[in-house]
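So this block is upload.cif, mmCIF, C-alpha atoms:
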data_final
loop_
_atom_site.label_atom_id
_atom_site.label_comp_id
_atom_site.auth_asym_id
_atom_site.auth_seq_id
_atom_site.Cartn_x
_atom_site.Cartn_y
_atom_site.Cartn_z
CA MET Z 1 95.91 -17.82 -5.19
CA ASP Z 2 99.47 -17.19 -4.15
CA GLY Z 3 101.28 -18.62 -1.13
CA THR Z 4 100.66 -15.65 1.16
CA ASP Z 5 96.90 -15.77 0.68
CA PHE Z 6 96.88 -19.49 1.38
CA CYS Z 7 98.92 -18.98 4.58
CA SER Z 8 96.61 -16.23 5.81
CA VAL Z 9 93.56 -18.42 5.17
CA VAL Z 10 95.16 -21.28 7.10
CA ARG Z 11 96.10 -18.93 9.97
CA LYS Z 12 92.54 -17.63 10.21
CA ALA Z 13 91.16 -21.18 10.20
CA ILE Z 14 93.52 -22.17 13.01
CA GLN Z 15 92.54 -19.07 15.00
CA ARG Z 16 88.87 -19.99 14.64
CA LEU Z 17 89.60 -23.51 15.90
CA ARG Z 18 91.39 -22.08 18.93
CA CYS Z 19 88.58 -19.60 19.64
CA GLU Z 20 86.90 -20.17 23.04
CA ASP Z 21 83.72 -18.14 22.50
CA GLY Z 22 81.33 -21.08 23.15
CA GLN Z 23 83.30 -22.66 25.98
CA ALA Z 24 81.31 -20.96 28.76
CA LEU Z 25 78.03 -22.17 27.29
CA VAL Z 26 79.24 -25.77 27.15
CA GLU Z 27 80.49 -25.59 30.75
CA LEU Z 28 77.15 -24.12 31.84
CA ALA Z 29 75.34 -27.01 30.15
CA PHE Z 30 77.40 -29.47 32.24
CA VAL Z 31 77.11 -27.61 35.55
CA LEU Z 32 73.53 -26.26 35.45
CA PRO Z 33 71.77 -29.61 36.09
CA LEU Z 34 73.93 -30.18 39.18
CA ILE Z 35 73.26 -26.68 40.48
CA LEU Z 36 69.50 -27.07 39.92
CA LEU Z 37 69.50 -30.47 41.61
CA PHE Z 38 71.26 -28.97 44.62
CA LEU Z 39 68.91 -25.96 44.69
CA PHE Z 40 65.73 -28.03 44.50
CA GLY Z 41 67.15 -30.40 47.12
CA ILE Z 42 67.59 -27.48 49.52
CA ILE Z 43 64.07 -26.22 48.78
CA ASP Z 44 62.55 -29.70 49.28
CA PHE Z 45 64.45 -30.18 52.53
CA GLY Z 46 63.14 -26.81 53.74
CA LEU Z 47 59.58 -27.83 52.84
CA ALA Z 48 60.04 -31.11 54.74
CA ILE Z 49 61.18 -29.19 57.83
CA ASN Z 50 58.19 -26.87 57.44
CA SER Z 51 55.91 -29.91 57.29
CA TYR Z 52 57.53 -31.30 60.45
CA ASN Z 53 57.04 -27.94 62.21
CA GLY Z 54 53.37 -27.92 61.16
CA ASP Z 55 52.92 -31.45 62.52
CA THR Z 56 54.63 -30.46 65.79
CA ASN Z 57 52.35 -27.45 66.18
CA LEU Z 58 49.31 -29.61 65.44
CA ALA Z 59 50.46 -32.22 67.99
CA ASN Z 60 50.87 -29.44 70.59
CA LEU Z 61 47.35 -28.17 69.90
CA GLY Z 62 45.98 -31.71 70.17
CA ALA Z 63 47.87 -32.49 73.38
CA ARG Z 64 46.63 -29.27 74.99
CA THR Z 65 43.06 -30.02 73.94
CA VAL Z 66 43.25 -33.56 75.35
CA ALA Z 67 44.89 -32.30 78.56
CA VAL Z 68 42.01 -29.93 79.34
CA LEU Z 69 39.22 -31.99 77.74
CA GLY Z 70 37.72 -33.49 80.89
CA THR Z 71 34.38 -35.14 80.19
CA SER Z 72 33.59 -33.17 77.03
CA THR Z 73 32.24 -35.17 74.12
CA SER Z 74 33.03 -32.59 71.45
CA VAL Z 75 35.34 -29.64 70.79
CA GLU Z 76 34.72 -26.61 68.58
CA CYS Z 77 36.83 -25.94 65.50
CA ASN Z 78 35.97 -23.04 63.22
CA GLY Z 79 32.38 -23.01 64.44
CA THR Z 80 31.94 -26.76 63.92
CA SER Z 81 31.51 -29.19 66.79
CA GLU Z 82 33.95 -32.08 66.22
CA THR Z 83 33.26 -35.34 68.07
CA SER Z 84 36.62 -37.06 67.57
CA LEU Z 85 40.22 -35.97 68.03
CA THR Z 86 41.06 -37.05 64.48
CA ALA Z 87 38.29 -34.91 62.96
CA TRP Z 88 39.24 -31.97 65.17
CA MET Z 89 42.92 -32.30 64.12
CA ASP Z 90 41.89 -32.37 60.43
CA CYS Z 91 39.93 -29.15 60.96
CA GLU Z 92 42.81 -27.53 62.87
CA ALA Z 93 45.27 -28.53 60.14
CA LYS Z 94 43.18 -26.62 57.60
CA GLU Z 95 42.93 -23.63 59.95
CA THR Z 96 46.64 -23.46 60.78
CA GLY Z 97 48.02 -24.40 57.35
CA ALA Z 98 49.59 -27.59 58.69
CA PRO Z 99 49.71 -30.72 56.52
CA THR Z 100 46.60 -32.88 56.71
CA PRO Z 101 47.32 -35.69 59.18
CA THR Z 102 47.25 -39.24 57.86
CA ALA Z 103 47.17 -40.65 61.41
CA VAL Z 104 46.50 -39.29 64.90
CA TYR Z 105 47.36 -41.25 68.05
CA VAL Z 106 46.76 -40.48 71.72
CA CYS Z 107 47.92 -42.42 74.79
CA ASP Z 108 48.75 -42.25 78.47
CA THR Z 109 52.53 -42.72 78.77
CA ALA Z 110 52.78 -42.98 82.57
CA GLY Z 111 53.33 -46.76 82.56
CA SER Z 112 55.90 -48.92 80.82
CA SER Z 113 53.76 -49.15 77.70
CA PRO Z 114 51.23 -46.72 76.17
CA SER Z 115 47.71 -47.17 77.51
CA THR Z 116 44.28 -45.54 77.59
CA THR Z 117 43.96 -45.23 81.39
CA TYR Z 118 43.98 -41.38 81.36
CA THR Z 119 44.61 -40.63 85.05
CA VAL Z 120 44.87 -36.99 86.19
CA GLY Z 121 48.52 -35.93 86.35
CA ASP Z 122 49.74 -38.54 83.86
CA PRO Z 123 51.62 -37.48 80.75
CA ILE Z 124 49.38 -37.73 77.70
CA LYS Z 125 51.12 -38.09 74.36
CA VAL Z 126 49.59 -37.07 71.03
CA GLU Z 127 51.30 -38.20 67.82
CA VAL Z 128 50.54 -36.78 64.39
CA ALA Z 129 51.73 -38.32 61.13
CA SER Z 130 51.49 -36.79 57.66
CA ALA Z 131 52.75 -37.70 54.21
CA PHE Z 132 55.41 -35.60 52.48
CA ASP Z 133 55.93 -35.86 48.72
CA TRP Z 134 59.56 -35.16 47.82
CA THR Z 135 58.89 -34.43 44.15
CA HIS Z 136 55.77 -32.28 44.49
CA ILE Z 137 57.69 -29.06 43.87
CA LEU Z 138 59.04 -30.37 40.56
CA THR Z 139 55.94 -32.15 39.27
CA GLY Z 140 53.13 -30.06 40.71
CA SER Z 141 51.13 -33.26 41.15
CA ASP Z 142 50.40 -35.46 44.12
CA ALA Z 143 50.46 -38.90 42.61
CA TYR Z 144 52.67 -39.81 39.67
CA VAL Z 145 55.55 -38.70 37.49
CA GLY Z 146 54.82 -40.59 34.32
CA SER Z 147 54.37 -44.15 35.49
CA VAL Z 148 56.64 -43.82 38.53
CA THR Z 149 55.06 -43.26 41.96
CA ASN Z 150 56.39 -40.18 43.75
CA PRO Z 151 58.58 -40.91 46.77
CA VAL Z 152 56.48 -40.17 49.86
CA THR Z 153 57.86 -40.02 53.39
CA THR Z 154 55.78 -40.17 56.57
CA ILE Z 155 56.67 -37.30 58.89
CA THR Z 156 55.75 -37.89 62.52
CA ALA Z 157 55.71 -35.40 65.38
CA SER Z 158 54.49 -35.72 68.95
CA ALA Z 159 53.73 -33.62 72.00
CA THR Z 160 53.25 -34.66 75.60
CA MET Z 161 51.34 -32.71 78.26
CA ARG Z 162 50.13 -33.47 81.75
CA LEU Z 163 46.46 -34.46 81.93
CA GLU Z 164 44.53 -31.84 83.92
CA GLN Z 165 41.09 -33.48 83.91
CA ALA Z 166 40.33 -37.15 83.48
CA PRO Z 167 38.14 -37.87 80.47
CA SER Z 168 35.42 -40.49 80.86
CA SER Z 169 37.56 -43.12 79.13
CA GLY Z 170 35.93 -46.21 77.77
CA SER Z 171 32.41 -44.88 78.11
CA THR Z 172 30.20 -43.94 75.20
CA ALA Z 173 29.85 -40.47 76.76
CA ASN Z 174 33.34 -39.61 75.56
CA SER Z 175 33.74 -40.70 71.98
CA PHE Z 176 36.20 -37.82 71.41
CA LEU Z 177 39.19 -39.94 72.53
CA SER Z 178 37.81 -43.44 72.08
CA ALA Z 179 37.63 -42.96 68.29
CA THR Z 180 41.37 -42.19 68.19
CA SER Z 181 43.98 -44.93 67.82
CA THR Z 182 46.32 -45.72 70.72
CA CYS Z 183 49.97 -44.73 70.26
CA PRO Z 184 52.15 -47.41 68.71
CA SER Z 185 54.52 -48.85 71.31
#

Conversion result in structure tokens:
Amino acid sequence: MDGTDFCSVVRKAIQRLRCEDGQALVELAFVLPLILLFLFGIIDFGLAINSYNGDTNLANLGARTVAVLGTSTSVECNGTSETSLTAWMDCEAKETGAPTPTAVYVCDTAGSSPSTTYTVGDPIKVEVASAFDWTHILTGSDAYVGSVTNPVTTITASATMRLEQAPSSGSTANSFLSATSTCPS
């Protein structure tokens, strides 16, 4: 091997070392996890807002039902007679595609603190709470990722409407509202 062949071999080796053919792939490997994290964060935030909108719609349906309830002891949902606001809201959640409520509250907000007086003309507030799993989209499960519990947030929405007919509060004739918890203060 003469000197010119050796120099050309060294030049080619140096050119290969300076070659940037794989640089884009390495940069993609560094940036892709951040882009995916950002993308899934946006999707999860959108799903959380959708859950809040579903809870708000469900609270509006519940508030309207309570406002016009009067002395009824049951309300129809999908052909089934429901005897409590909580059961009716569960049925309506399935019908409307809203998240299943984990808690339903109803109260008369005319006074300084929530009560169950239910006087005609008073504002009646219905609160709906549901659980939102922030990692459901990534894991496809509702409970665990390995041995770590998924982070769950309670989403709460409420609606207030004026009571049009007074329900027979406190009596056994109207178990529709008496089986529902009073709003937290």

Output of the PyMOL selection byres ((chain Z and resi 109-123) around 6), listed as a ChimeraX atom specification | /Z:107-108,124,161-166

Write the residues of the preceding selection, restricted to C-alpha atoms, as a CSV table (one decimal), keeping the file's coordinate frame.
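Final output, selection-v9.csv:
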chain,number,residue,atom,x,y,z
Z,107,CYS,CA,47.9,-42.4,74.8
Z,108,ASP,CA,48.8,-42.2,78.5
Z,124,ILE,CA,49.4,-37.7,77.7
Z,161,MET,CA,51.3,-32.7,78.3
Z,162,ARG,CA,50.1,-33.5,81.8
Z,163,LEU,CA,46.5,-34.5,81.9
Z,164,GLU,CA,44.5,-31.8,83.9
Z,165,GLN,CA,41.1,-33.5,83.9
Z,166,ALA,CA,40.3,-37.2,83.5

Q.
Could you tell me how far CA of Asn78 (chain Z) sits from CA of Ala59 (chain Z), in Å to one decimal place?
A.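 So the two atoms, CA of Ala59 (chain Z) and CA of Asn78 (chain Z), lie 17.8 Å apart.
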
*Name the residues captured by the PyMOL selection byres ((chain Z and resi 81-93) around 8) when it is applied to the shown file; answer as a count of residues only.*
26

Listed atoms of region 60-75 of chain Z, axis-aligned box, 6 Å per side: centre and edge lengths to one decimal in Å, as lines of an AutoDock Vina configuration file?
center_x = 41.6
center_y = -31.7
center_z = 75.4
size_x = 30.6
size_y = 19.0
size_z = 23.0

Here is a test: counting all atoms listed in the file, which residue of Z:Cys183, Z:Val68, Z:Ala63, Z:Val9 is nearest to Ala159 (chain Z)?
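Looking only at the distances to Ala159 (chain Z), the closest residue turns out to be Z:Ala63.
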
Expected selection from the PyMOL selection byres ((chain Z and resi 38-53) around 10), given as an NGL selection string: :Z and (32-37 or 54-59 or 97-100 or 128-138 or 153-157)

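As for CA of Leu28 (chain Z) and CA of Arg16 (chain Z), they are spaced 21.2 Å apart.
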
One number please: CA of Thr160 (chain Z) to CA of Ala67 (chain Z), in Å, one decimal.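 Rounded to one decimal, the two atoms are 9.2 Å apart.
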